[in-house]
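What's in coords_10.cif: mmCIF, C-alpha atoms
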data_run
#
loop_
_atom_site.label_atom_id
_atom_site.label_comp_id
_atom_site.auth_asym_id
_atom_site.auth_seq_id
_atom_site.Cartn_x
_atom_site.Cartn_y
_atom_site.Cartn_z
CA MET I 13 126.75 215.20 -64.00
CA LYS I 14 123.09 215.00 -64.95
CA ALA I 15 120.75 217.96 -64.50
CA PRO I 16 118.17 217.55 -61.66
CA LEU I 17 115.28 217.55 -64.16
CA ASP I 18 116.93 214.74 -66.15
CA LEU I 19 117.51 212.76 -62.96
CA ILE I 20 113.86 213.10 -61.91
CA ASN I 21 112.81 212.05 -65.40
CA GLU I 22 115.10 209.03 -65.24
CA TYR I 23 113.63 207.92 -61.89
CA SER I 24 110.16 208.52 -63.22
CA THR I 25 110.89 206.24 -66.18
CA LYS I 26 112.18 203.54 -63.78
CA ILE I 27 108.99 203.83 -61.71
CA TYR I 28 106.95 203.59 -64.92
CA SER I 29 108.74 200.37 -65.94
CA LYS I 30 108.22 198.84 -62.49
CA TYR I 31 104.58 199.70 -61.81
CA LYS I 32 102.93 200.06 -65.23
CA LYS I 33 101.65 196.50 -64.95
CA ASP I 34 101.33 196.37 -61.17
CA PRO I 35 99.27 199.26 -59.74
CA GLY I 36 98.22 197.02 -56.84
CA GLY I 37 101.86 196.60 -55.79
CA MET I 38 102.37 200.36 -55.87
CA LEU I 39 99.31 200.83 -53.67
CA VAL I 40 100.70 198.37 -51.10
CA ILE I 41 104.13 200.03 -50.86
CA THR I 42 102.91 203.64 -50.79
CA GLY I 43 100.08 202.67 -48.44
CA THR I 44 102.57 201.16 -45.99
CA LEU I 45 104.70 204.33 -46.09
CA PHE I 46 101.61 206.48 -45.48
CA TRP I 47 100.76 204.42 -42.38
CA VAL I 48 104.33 204.69 -41.04
CA PHE I 49 104.41 208.50 -41.28
CA SER I 50 100.88 208.84 -40.00
CA ALA I 51 101.70 206.68 -36.96
CA PHE I 52 104.45 209.08 -35.85
CA ALA I 53 102.04 212.01 -36.08
CA GLN I 54 99.29 210.22 -34.15
CA VAL I 55 101.57 209.26 -31.26
CA GLY I 56 102.78 212.89 -31.24
CA ALA I 57 99.17 214.13 -31.12
CA ILE I 58 98.56 212.19 -27.89
CA LEU I 59 101.90 213.18 -26.36
CA ILE I 60 101.28 216.92 -26.87
CA ASN I 61 97.65 216.76 -25.70
CA ASP I 62 97.63 218.22 -22.15
CA LYS I 63 93.91 217.62 -21.73
CA ILE I 64 94.26 213.84 -21.72
CA PRO I 65 94.96 212.64 -18.14
CA LYS I 66 98.18 210.69 -17.54
CA ASN I 67 96.34 207.47 -16.70
CA GLN I 68 94.56 207.47 -20.03
CA LYS I 69 97.75 208.33 -21.87
CA LYS I 70 99.11 205.11 -20.38
CA PHE I 71 96.52 203.28 -22.47
CA LEU I 72 96.35 205.60 -25.47
CA ILE I 73 100.09 205.81 -26.24
CA PRO I 74 100.71 202.03 -26.24
CA GLN I 75 97.36 201.65 -28.03
CA GLU I 76 98.58 204.01 -30.75
CA ILE I 77 102.00 202.34 -30.98
CA ALA I 78 100.33 198.91 -31.15
CA ASP I 79 97.92 200.33 -33.72
CA ALA I 80 100.82 201.55 -35.83
CA GLY I 81 102.83 198.33 -35.56
CA ILE I 82 99.89 196.02 -36.18
CA ASN I 83 98.42 198.25 -38.85
CA ILE I 84 101.66 198.44 -40.79
CA ALA I 85 102.38 194.72 -40.40
CA ALA I 86 98.80 193.63 -41.13
CA PHE I 87 98.46 196.05 -44.01
CA TYR I 88 101.74 195.05 -45.62
CA LEU I 89 101.67 191.31 -44.97
CA PHE I 90 97.98 190.67 -45.49
CA THR I 91 97.37 193.11 -48.35
CA ASN I 92 100.59 192.20 -50.10
CA THR I 93 99.87 188.46 -49.85
CA CYS I 94 96.32 188.93 -51.15
CA ASN I 95 97.63 191.13 -53.95
CA LYS I 96 100.28 188.57 -54.98
CA VAL I 97 97.83 185.67 -54.84
CA ALA I 98 95.28 187.62 -56.94
CA SER I 99 97.99 188.48 -59.45
CA LYS I 100 99.09 184.81 -59.61
CA LEU I 101 95.51 183.61 -60.03
CA VAL I 102 95.01 185.84 -63.07
CA SER I 103 98.47 185.36 -64.59
CA THR I 104 98.16 181.57 -64.39
CA GLY I 105 94.61 181.64 -65.73
CA LYS I 106 93.01 180.09 -62.64
CA LEU I 107 90.88 183.24 -62.47
CA SER I 108 90.16 184.32 -66.01
CA TYR I 109 87.76 186.11 -68.31
CA LYS I 110 86.13 183.60 -70.66
CA PRO I 111 86.85 185.30 -74.05
CA ILE I 112 90.54 185.73 -73.08
CA LYS I 113 90.86 182.13 -71.88
CA ASP I 114 89.12 180.76 -74.99
CA TYR I 115 91.34 182.83 -77.25
CA ILE I 116 94.55 181.57 -75.58
CA GLU I 117 93.36 177.95 -75.71
CA LYS I 118 92.45 178.34 -79.36
CA LYS I 119 95.86 179.78 -80.29
CA ILE I 120 97.96 177.62 -77.94
CA PRO I 121 96.08 174.34 -77.42
CA ASN I 122 98.70 172.90 -75.05
CA ALA I 123 98.77 175.98 -72.75
CA GLU I 124 98.24 174.61 -69.25
CA ILE I 125 95.83 177.26 -68.07
CA GLY I 126 95.26 177.19 -64.32
CA LYS I 127 98.60 175.60 -63.41
CA PHE I 128 100.88 177.50 -61.01
CA SER I 129 103.80 177.38 -63.46
CA THR I 130 101.82 178.98 -66.32
CA LYS I 131 102.58 182.63 -67.04
CA ILE I 132 100.08 184.24 -69.40
CA ASP I 133 102.14 187.48 -69.48
CA ASP I 134 105.10 185.49 -70.91
CA LEU I 135 102.84 183.64 -73.36
CA ILE I 136 101.47 186.95 -74.67
CA ALA I 137 104.98 188.42 -74.96
CA ALA I 138 106.27 185.33 -76.81
CA THR I 139 103.30 184.75 -79.12
CA PRO I 140 102.53 187.49 -81.66
CA GLU I 141 99.05 186.03 -82.28
CA LEU I 142 98.09 186.81 -78.69
CA ILE I 143 98.86 190.54 -78.97
CA ARG I 144 95.13 191.19 -79.52
CA ILE I 145 94.26 190.14 -75.99
CA LYS I 146 97.17 191.98 -74.31
CA LYS I 147 95.16 195.11 -73.47
CA PRO I 148 91.98 193.45 -72.13
CA TYR I 149 94.09 190.91 -70.24
CA ASN I 150 96.15 193.65 -68.53
CA GLN I 151 93.02 195.66 -67.73
CA PHE I 152 91.33 192.61 -66.22
CA LYS I 153 94.43 191.70 -64.20
CA ASN I 154 94.92 195.27 -62.89
CA GLY I 155 91.25 195.50 -61.98
CA VAL I 156 91.28 192.22 -60.03
CA CYS I 157 94.47 193.23 -58.16
CA VAL I 158 93.14 196.69 -57.25
CA ALA I 159 89.76 195.27 -56.14
CA VAL I 160 91.48 192.65 -53.98
CA ASN I 161 93.79 195.36 -52.62
CA VAL I 162 90.83 197.49 -51.50
CA VAL I 163 89.05 194.59 -49.78
CA ALA I 164 92.26 193.37 -48.12
CA SER I 165 93.10 196.91 -46.89
CA VAL I 166 89.66 197.27 -45.31
CA ILE I 167 89.95 193.89 -43.53
CA ALA I 168 93.52 194.54 -42.36
CA CYS I 169 93.08 198.14 -41.20
CA ASN I 170 89.52 198.20 -39.93
CA ILE I 171 88.89 194.77 -38.43
CA VAL I 172 92.17 193.02 -37.55
CA THR I 173 94.05 196.11 -36.32
CA PRO I 174 91.49 197.65 -33.91
CA TYR I 175 90.88 194.35 -32.07
CA LEU I 176 94.56 193.54 -31.63
CA ARG I 177 95.65 197.10 -30.77
CA ASN I 178 92.96 197.43 -28.07
CA HIS I 179 94.05 194.17 -26.50
CA LEU I 180 97.74 195.15 -26.50
CA GLY I 181 97.00 198.73 -25.36
CA ALA I 182 94.93 197.48 -22.41
CA LYS I 183 97.72 195.09 -21.37
CA ALA I 184 100.29 197.90 -21.47
CA GLN I 185 97.98 200.16 -19.43
CA LYS I 186 97.52 197.46 -16.76
CA ILE I 187 101.26 196.96 -16.48
CA SER I 188 102.05 200.65 -16.12
CA ILE I 189 99.22 201.24 -13.60
CA GLU I 190 100.48 198.30 -11.51
CA LYS I 191 104.00 199.70 -11.66
CA ALA I 192 102.73 203.10 -10.47
CA ALA I 193 100.80 201.48 -7.59
CA HIS I 194 103.79 199.41 -6.35
CA PRO I 195 106.93 201.41 -7.06
CA THR I 196 110.16 199.56 -6.39
CA THR I 197 111.93 201.21 -3.39
CA LEU I 198 115.39 202.36 -4.24
CA PRO I 199 117.78 204.07 -1.74
CA ALA I 200 117.67 207.82 -1.88
CA GLN I 201 120.63 209.37 -3.63
CA ASN I 202 121.93 211.26 -0.56
CA THR I 203 121.75 208.29 1.79
CA PRO I 204 125.32 207.23 2.65
CA ILE I 205 126.10 203.63 1.90
CA LEU I 206 127.02 202.02 5.20
CA PRO I 207 129.98 199.64 5.37
CA ARG I 208 129.10 196.01 5.70
CA ILE I 209 129.35 194.70 9.20
CA HIS I 210 130.96 191.31 9.43
CA VAL I 211 128.84 189.30 11.83
CA GLN I 212 131.18 186.35 11.88
CA ASN I 213 133.10 185.94 15.23
CA ARG I 214 130.88 188.55 16.81
CA ILE I 215 130.84 188.11 20.61
CA GLY I 216 127.75 188.24 22.77
CA ILE I 217 127.34 190.38 25.91
CA ASP I 218 128.04 187.43 28.23
CA ASP I 219 131.31 186.57 26.42
CA TYR I 220 132.27 190.22 26.61
CA LYS I 221 131.68 190.27 30.40
CA LYS I 222 133.74 187.08 30.85
CA GLN I 223 136.64 188.33 28.79
CA ALA I 224 136.58 191.70 30.56
CA THR I 225 136.80 189.98 33.95
CA VAL I 226 139.73 187.82 32.78
CA LYS I 227 141.49 190.88 31.39
CA ALA I 228 141.01 192.77 34.67
CA ILE I 229 142.30 189.90 36.81
CA TYR I 230 145.10 188.74 34.52
CA PRO I 231 146.24 191.85 32.60
CA ASN I 232 149.09 189.98 30.86
CA THR I 233 146.85 187.45 29.18
CA SER I 234 147.29 187.52 25.39
CA SER I 235 143.99 188.72 24.18
CA SER I 236 143.14 191.07 21.38
CA MET I 237 140.34 192.58 23.39
CA ARG I 238 140.74 196.11 24.62
CA ILE I 239 138.78 197.53 27.51
CA MET R 26 121.30 180.41 -53.59
CA THR R 27 117.51 180.24 -53.29
CA LYS R 28 115.79 183.57 -53.75
CA ILE R 29 113.29 184.83 -51.17
CA SER R 30 110.69 185.17 -53.92
CA ASP R 31 111.13 181.46 -54.77
CA ILE R 32 110.68 180.47 -51.12
CA LEU R 33 107.55 182.66 -50.86
CA ASP R 34 106.28 181.14 -54.10
CA ARG R 35 106.73 177.58 -52.84
CA ARG R 36 105.68 178.06 -49.21
CA ILE R 37 102.91 180.67 -49.42
CA TYR R 38 101.63 181.55 -52.86
CA GLU R 39 101.57 178.05 -54.37
CA PRO R 40 99.55 176.42 -51.53
CA LEU R 41 97.15 179.40 -51.52
CA HIS R 42 96.89 179.21 -55.31
CA LYS R 43 96.12 175.48 -55.09
CA ALA R 44 93.50 176.05 -52.40
CA MET R 45 91.55 178.53 -54.56
CA PRO R 46 88.83 177.19 -56.83
CA GLU R 47 89.18 177.74 -60.56
CA LYS R 48 86.89 180.53 -61.70
CA THR R 49 86.10 181.79 -65.17
CA VAL R 50 84.27 185.08 -65.38
CA VAL R 51 81.57 184.67 -68.00
CA SER R 52 79.54 187.80 -67.35
CA ARG R 53 80.64 190.77 -69.41
CA LYS R 54 79.33 193.11 -66.70
CA THR R 55 81.61 191.56 -64.05
CA ALA R 56 84.64 191.74 -66.35
CA LYS R 57 83.84 195.36 -67.18
CA PHE R 58 83.48 196.14 -63.49
CA PHE R 59 86.98 194.82 -62.80
CA MET R 60 88.42 196.71 -65.78
CA HIS R 61 86.71 199.91 -64.59
CA VAL R 62 88.05 199.43 -61.04
CA GLY R 63 91.58 199.00 -62.37
CA LYS R 64 91.32 202.16 -64.45
CA THR R 65 89.63 204.49 -61.98
CA ILE R 66 90.57 203.42 -58.48
CA SER R 67 93.88 204.69 -57.20
CA SER R 68 95.30 205.78 -53.86
CA PRO R 69 92.80 208.64 -53.09
CA GLU R 70 89.86 206.33 -53.70
CA VAL R 71 91.42 203.52 -51.64
CA ARG R 72 92.06 205.99 -48.78
CA LEU R 73 88.47 207.22 -48.96
CA ILE R 74 87.07 203.69 -48.91
CA THR R 75 89.27 202.60 -45.98
CA GLY R 76 88.39 205.85 -44.15
CA VAL R 77 84.63 205.45 -44.54
CA THR R 78 84.69 201.79 -43.53
CA ALA R 79 86.99 202.66 -40.61
CA LEU R 80 84.46 205.21 -39.38
CA ALA R 81 81.77 202.55 -39.56
CA SER R 82 83.72 199.94 -37.59
CA GLN R 83 86.54 201.24 -35.37
CA PRO R 84 84.63 203.56 -32.97
CA PHE R 85 82.25 200.71 -32.10
CA ILE R 86 85.14 198.31 -31.49
CA ASP R 87 86.70 200.94 -29.17
CA LEU R 88 83.42 201.61 -27.34
CA HIS R 89 82.93 197.90 -26.65
CA ASN R 90 86.47 197.30 -25.42
CA LYS R 91 85.74 195.78 -22.00
CA GLU R 92 89.43 195.57 -21.10
CA VAL R 93 89.59 199.27 -20.12
CA ASP R 94 87.45 201.53 -17.89
CA GLU R 95 84.57 203.61 -19.25
CA LYS R 96 86.40 206.94 -19.24
CA THR R 97 89.33 205.53 -21.22
CA ARG R 98 86.87 203.93 -23.63
CA ILE R 99 85.27 207.33 -24.32
CA VAL R 100 88.60 209.08 -24.89
CA SER R 101 89.81 206.19 -27.07
CA CYS R 102 86.65 206.33 -29.19
CA ALA R 103 86.87 210.13 -29.51
CA LYS R 104 90.53 209.87 -30.52
CA THR R 105 89.74 207.18 -33.11
CA ILE R 106 86.96 209.24 -34.69
CA ALA R 107 89.14 212.38 -34.76
CA LYS R 108 92.03 210.42 -36.25
CA ILE R 109 89.89 208.86 -38.99
CA VAL R 110 88.13 212.13 -39.92
CA VAL R 111 91.36 214.15 -40.06
CA GLY R 112 93.48 211.38 -41.62
CA THR R 113 90.95 210.57 -44.32
CA THR R 114 90.26 214.22 -45.23
CA THR R 115 93.90 215.27 -45.49
CA GLY R 116 94.91 211.91 -46.96
CA VAL R 117 92.39 212.09 -49.80
CA LEU R 118 93.09 215.80 -50.48
CA VAL R 119 96.89 215.39 -50.46
CA ARG R 120 96.78 212.33 -52.74
CA HIS R 121 94.28 213.95 -55.11
CA GLY R 122 96.23 217.24 -55.22
CA CYS R 123 99.53 215.47 -55.88
CA ILE R 124 98.02 213.38 -58.69
CA LYS R 125 96.74 216.62 -60.29
CA LEU R 126 100.25 218.06 -59.91
CA ALA R 127 101.73 214.94 -61.50
CA GLU R 128 99.31 215.31 -64.42
CA LEU R 129 100.70 218.80 -65.09
CA GLY R 130 104.23 217.44 -65.13
CA CYS R 131 103.41 214.35 -67.19
CA GLN R 132 102.05 215.68 -70.47
CA PHE R 133 102.01 213.16 -73.28
CA LYS R 134 104.09 214.99 -75.89
CA LYS R 135 107.64 213.96 -75.28
CA VAL R 136 109.70 213.20 -78.36
CA SER R 137 112.78 211.03 -77.88
CA GLY R 138 115.92 213.14 -77.61
CA GLU R 139 113.97 216.23 -76.54
CA ALA R 140 115.22 218.10 -73.44
CA VAL R 141 113.21 217.58 -70.24
CA LYS R 142 110.83 220.45 -69.49
CA TRP R 143 108.48 220.98 -66.55
CA SER R 144 105.53 219.76 -68.61
CA THR R 145 107.29 216.47 -69.41
CA LEU R 146 109.20 216.14 -66.14
CA PHE R 147 107.53 212.84 -65.22
CA THR R 148 106.78 211.63 -68.75
CA PRO R 149 108.60 208.31 -69.20
CA GLY R 150 111.09 208.21 -72.06
CA PHE R 151 109.54 205.29 -73.94
CA ALA R 152 105.87 205.57 -73.07
CA THR R 153 103.47 204.74 -75.85
CA ASN R 154 100.33 203.50 -74.14
CA ILE R 155 97.95 206.29 -73.03
CA ASP R 156 96.28 204.05 -70.40
CA GLN R 157 99.63 203.29 -68.85
CA ILE R 158 100.55 207.01 -68.90
CA ILE R 159 97.36 207.78 -66.99
CA GLN R 160 98.24 205.02 -64.51
CA HIS R 161 101.79 206.41 -64.30
CA ARG R 162 100.50 209.89 -63.39
CA LYS R 163 98.61 208.32 -60.49
CA THR R 164 101.70 206.42 -59.39
CA ILE R 165 103.91 209.53 -59.49
CA GLY R 166 101.19 211.58 -57.75
CA THR R 167 100.92 208.97 -54.98
CA ILE R 168 104.70 208.91 -54.47
CA LEU R 169 104.69 212.74 -54.32
CA ALA R 170 101.86 212.49 -51.79
CA VAL R 171 104.00 210.24 -49.55
CA VAL R 172 106.63 213.02 -49.42
CA VAL R 173 104.03 215.76 -48.86
CA SER R 174 102.34 213.70 -46.12
CA LEU R 175 105.60 213.79 -44.15
CA PHE R 176 104.92 217.50 -43.71
CA THR R 177 101.10 217.52 -43.49
CA ASN R 178 101.01 214.73 -40.88
CA PHE R 179 102.82 216.94 -38.41
CA ALA R 180 101.57 220.36 -39.55
CA ILE R 181 97.88 219.48 -40.03
CA ASP R 182 96.99 215.98 -38.80
CA MET R 183 98.68 216.17 -35.41
CA PRO R 184 97.21 219.49 -34.08
CA LEU R 185 93.82 218.90 -35.72
CA THR R 186 93.52 215.38 -34.28
CA LYS R 187 94.34 216.78 -30.83
CA PHE R 188 91.77 219.56 -31.22
CA LEU R 189 88.98 217.26 -32.43
CA THR R 190 89.78 214.58 -29.82
CA ASN R 191 89.17 217.13 -27.05
CA ILE R 192 85.92 218.34 -28.65
CA PHE R 193 84.57 214.80 -29.17
CA THR R 194 85.63 213.69 -25.67
CA LYS R 195 83.78 216.63 -24.10
CA LYS R 196 80.71 215.92 -26.20
CA PHE R 197 80.65 212.21 -25.37
CA GLU R 198 81.19 212.86 -21.66
CA ASN R 199 78.36 215.42 -21.61
CA GLN R 200 76.10 212.96 -23.40
CA LYS R 201 76.99 210.30 -20.88
CA THR R 202 76.24 212.54 -17.86
CA ASP R 203 73.00 213.73 -19.53
CA SER R 204 71.83 210.18 -20.14
CA LYS R 205 72.75 209.18 -16.57
CA GLY R 206 70.94 212.25 -15.20
CA GLY R 207 67.91 211.48 -17.36
CA SER R 208 67.71 207.89 -16.24
CA LYS R 209 67.74 208.85 -12.52
#
Here is a file; write its structure as structure tokens.
Amino acid sequence: MKAPLDLINEYSTKIYSKYKKDPGGMLVITGTLFWVFSAFAQVGAILINDKIPKNQKKFLIPQEIADAGINIAAFYLFTNTCNKVASKLVSTGKLSYKPIKDYIEKKIPNAEIGKFSTKIDDLIAATPELIRIKKPYNQFKNGVCVAVNVVASVIACNIVTPYLRNHLGAKAQKISIEKAAHPTTLPAQNTPILPRIHVQNRIGIDDYKKQATVKAIYPNTSSSMRI
Amino acid sequence: MTKISDILDRRIYEPLHKAMPEKTVVSRKTAKFFMHVGKTISSPEVRLITGVTALASQPFIDLHNKEVDEKTRIVSCAKTIAKIVVGTTTGVLVRHGCIKLAELGCQFKKVSGEAVKWSTLFTPGFATNIDQIIQHRKTIGTILAVVVSLFTNFAIDMPLTKFLTNIFTKKFENQKTDSKGGSK
């Protein structure tokens, strides 16, 4: 069995291989995890706060849950999509730095720069003459991805989330206030459940009088009625 | 079987890629700016930027939320400010501290075959590029920060947010009554 230090080192090397060229992707994943853990704490902060009246908690708790859900979804989906698109734009050459683009076109004249299928990373790896531009290309690509990541995070967390969470929180508050104002009446637990009375073949008072008279005059008449 | 990444490529990324105009950065300053951003900005900086912009936008969105009554609006705004202040401060400090810790455990002197020590605990086995090692320290530090935040969120963020929410709510309510009293 491997020693714990060796195991940590092994994982660290795996992380290095995965994110050395994609710091933007790392920021998206860790950022999402941060929001998830933070959301639990924020809901807890409202729950344990005795000074917030119940009625406001009815808005604040769903608001916070909506905030967490929307924030995490918006952050991950929006930021991740922006990050991927930015990465694709640079790796296909649609967004490029002129000296890098010129150098690639000079060395590989038939490189279809700007097409979705083009992969500059693969071209650099496969062409030894392009090794000179590897460092500036990676720096430019990382920079674009991180810059896009920052802008996308700000839009997702600070503009999209607050509007949507307030709307959802207010809806939840309305529903729970309405429920409190019109509680559904349920039978009390100690109330005995009465047997169902079968109303079919029930006789009226006049029929009862008639039958009683008949029974009194003709006692042998076959009738189920008892007086 | 078609991979999810292929479907995303075809359905989302390719149409978005096509819709974008082709752009070649000519200015050296712009290119340098991007390269500088990639080198220097990591999770603490991103958290700081999102925190500052959140403070500039979210309280106003909460205060102008006409779907709830005035009292709820005040508490909501106070809670948002408290949450942003506490979350940003601890978030930046935890991330920054963990990256510093990762730097101590990711010294660039590992020789292949050498036993793992504390100083090379996070140093990747085949790392050669110093820029990528620096980036790796930030990545490891940020991952460490995710673990640490599990503890700090409950031990620091939760009680501090509660405390500040009550202070801000009181302050805003007093301001409101003062301004109403003044206008009478």
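Coordinates place atom CA of R:Ile155 at a distance of 19.6 Å from atom CA of I:Asp133.
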| field | Residue neighbourhood I:Pro140, 12 Å, only C-alpha atoms, exclusion window fewer than 4 positions, as number ranges by chain | value | I: 116, 119-120, 134-136, 144-146
| Near R:Glu47, within 12 Å and counting all atoms listed in the file, which residues show up once chain neighbours fewer than 4 positions away are dropped, as an NGL selection string? | (:I and (101-102 or 104-109 or 125-128)) or (:R and (42-43))
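When the PyMOL selection byres ((chain I) within 6 of (chain R)) is evaluated against the file, it yields I:Asn21, I:Ser24, I:Thr25, I:Tyr28, I:Lys32, I:Ser50, I:Ala53, I:Ala57, I:Gln68, I:Val97, I:Lys106, I:Leu107, I:Ser108, I:Tyr109, I:Lys110, I:Gln151, I:Phe152, I:Asn154, I:Gly155, I:Val156, I:Val158, I:Val166, I:Asn170, I:Ala182.
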File dump, residues just selected, C-alpha atoms, as an mmCIF file, in the coordinates of the input:
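Everything below was put into out-v1.cif:
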data_model
loop_
_atom_site.group_PDB
_atom_site.id
_atom_site.type_symbol
_atom_site.label_atom_id
_atom_site.label_comp_id
_atom_site.auth_asym_id
_atom_site.auth_seq_id
_atom_site.Cartn_x
_atom_site.Cartn_y
_atom_site.Cartn_z
ATOM 1 C CA ASN I 21 112.810 212.050 -65.400
ATOM 2 C CA SER I 24 110.160 208.520 -63.220
ATOM 3 C CA THR I 25 110.890 206.240 -66.180
ATOM 4 C CA TYR I 28 106.950 203.590 -64.920
ATOM 5 C CA LYS I 32 102.930 200.060 -65.230
ATOM 6 C CA SER I 50 100.880 208.840 -40.000
ATOM 7 C CA ALA I 53 102.040 212.010 -36.080
ATOM 8 C CA ALA I 57 99.170 214.130 -31.120
ATOM 9 C CA GLN I 68 94.560 207.470 -20.030
ATOM 10 C CA VAL I 97 97.830 185.670 -54.840
ATOM 11 C CA LYS I 106 93.010 180.090 -62.640
ATOM 12 C CA LEU I 107 90.880 183.240 -62.470
ATOM 13 C CA SER I 108 90.160 184.320 -66.010
ATOM 14 C CA TYR I 109 87.760 186.110 -68.310
ATOM 15 C CA LYS I 110 86.130 183.600 -70.660
ATOM 16 C CA GLN I 151 93.020 195.660 -67.730
ATOM 17 C CA PHE I 152 91.330 192.610 -66.220
ATOM 18 C CA ASN I 154 94.920 195.270 -62.890
ATOM 19 C CA GLY I 155 91.250 195.500 -61.980
ATOM 20 C CA VAL I 156 91.280 192.220 -60.030
ATOM 21 C CA VAL I 158 93.140 196.690 -57.250
ATOM 22 C CA VAL I 166 89.660 197.270 -45.310
ATOM 23 C CA ASN I 170 89.520 198.200 -39.930
ATOM 24 C CA ALA I 182 94.930 197.480 -22.410
#
| field | Nearest residue to R:Ile99 from the set I:Ala159, I:Ile143, I:Ala51, I:Leu72 (distances using all atoms listed in the file) | value | I:Leu72
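Going from atom CA of I:Ala138 over to atom CA of R:Ile29, you cover 26.6 Å.
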| Near-I:Val160 list (7 Å; all atoms listed in the file; drop same-chain fewer than 2 positions) as a count of residues only | 9
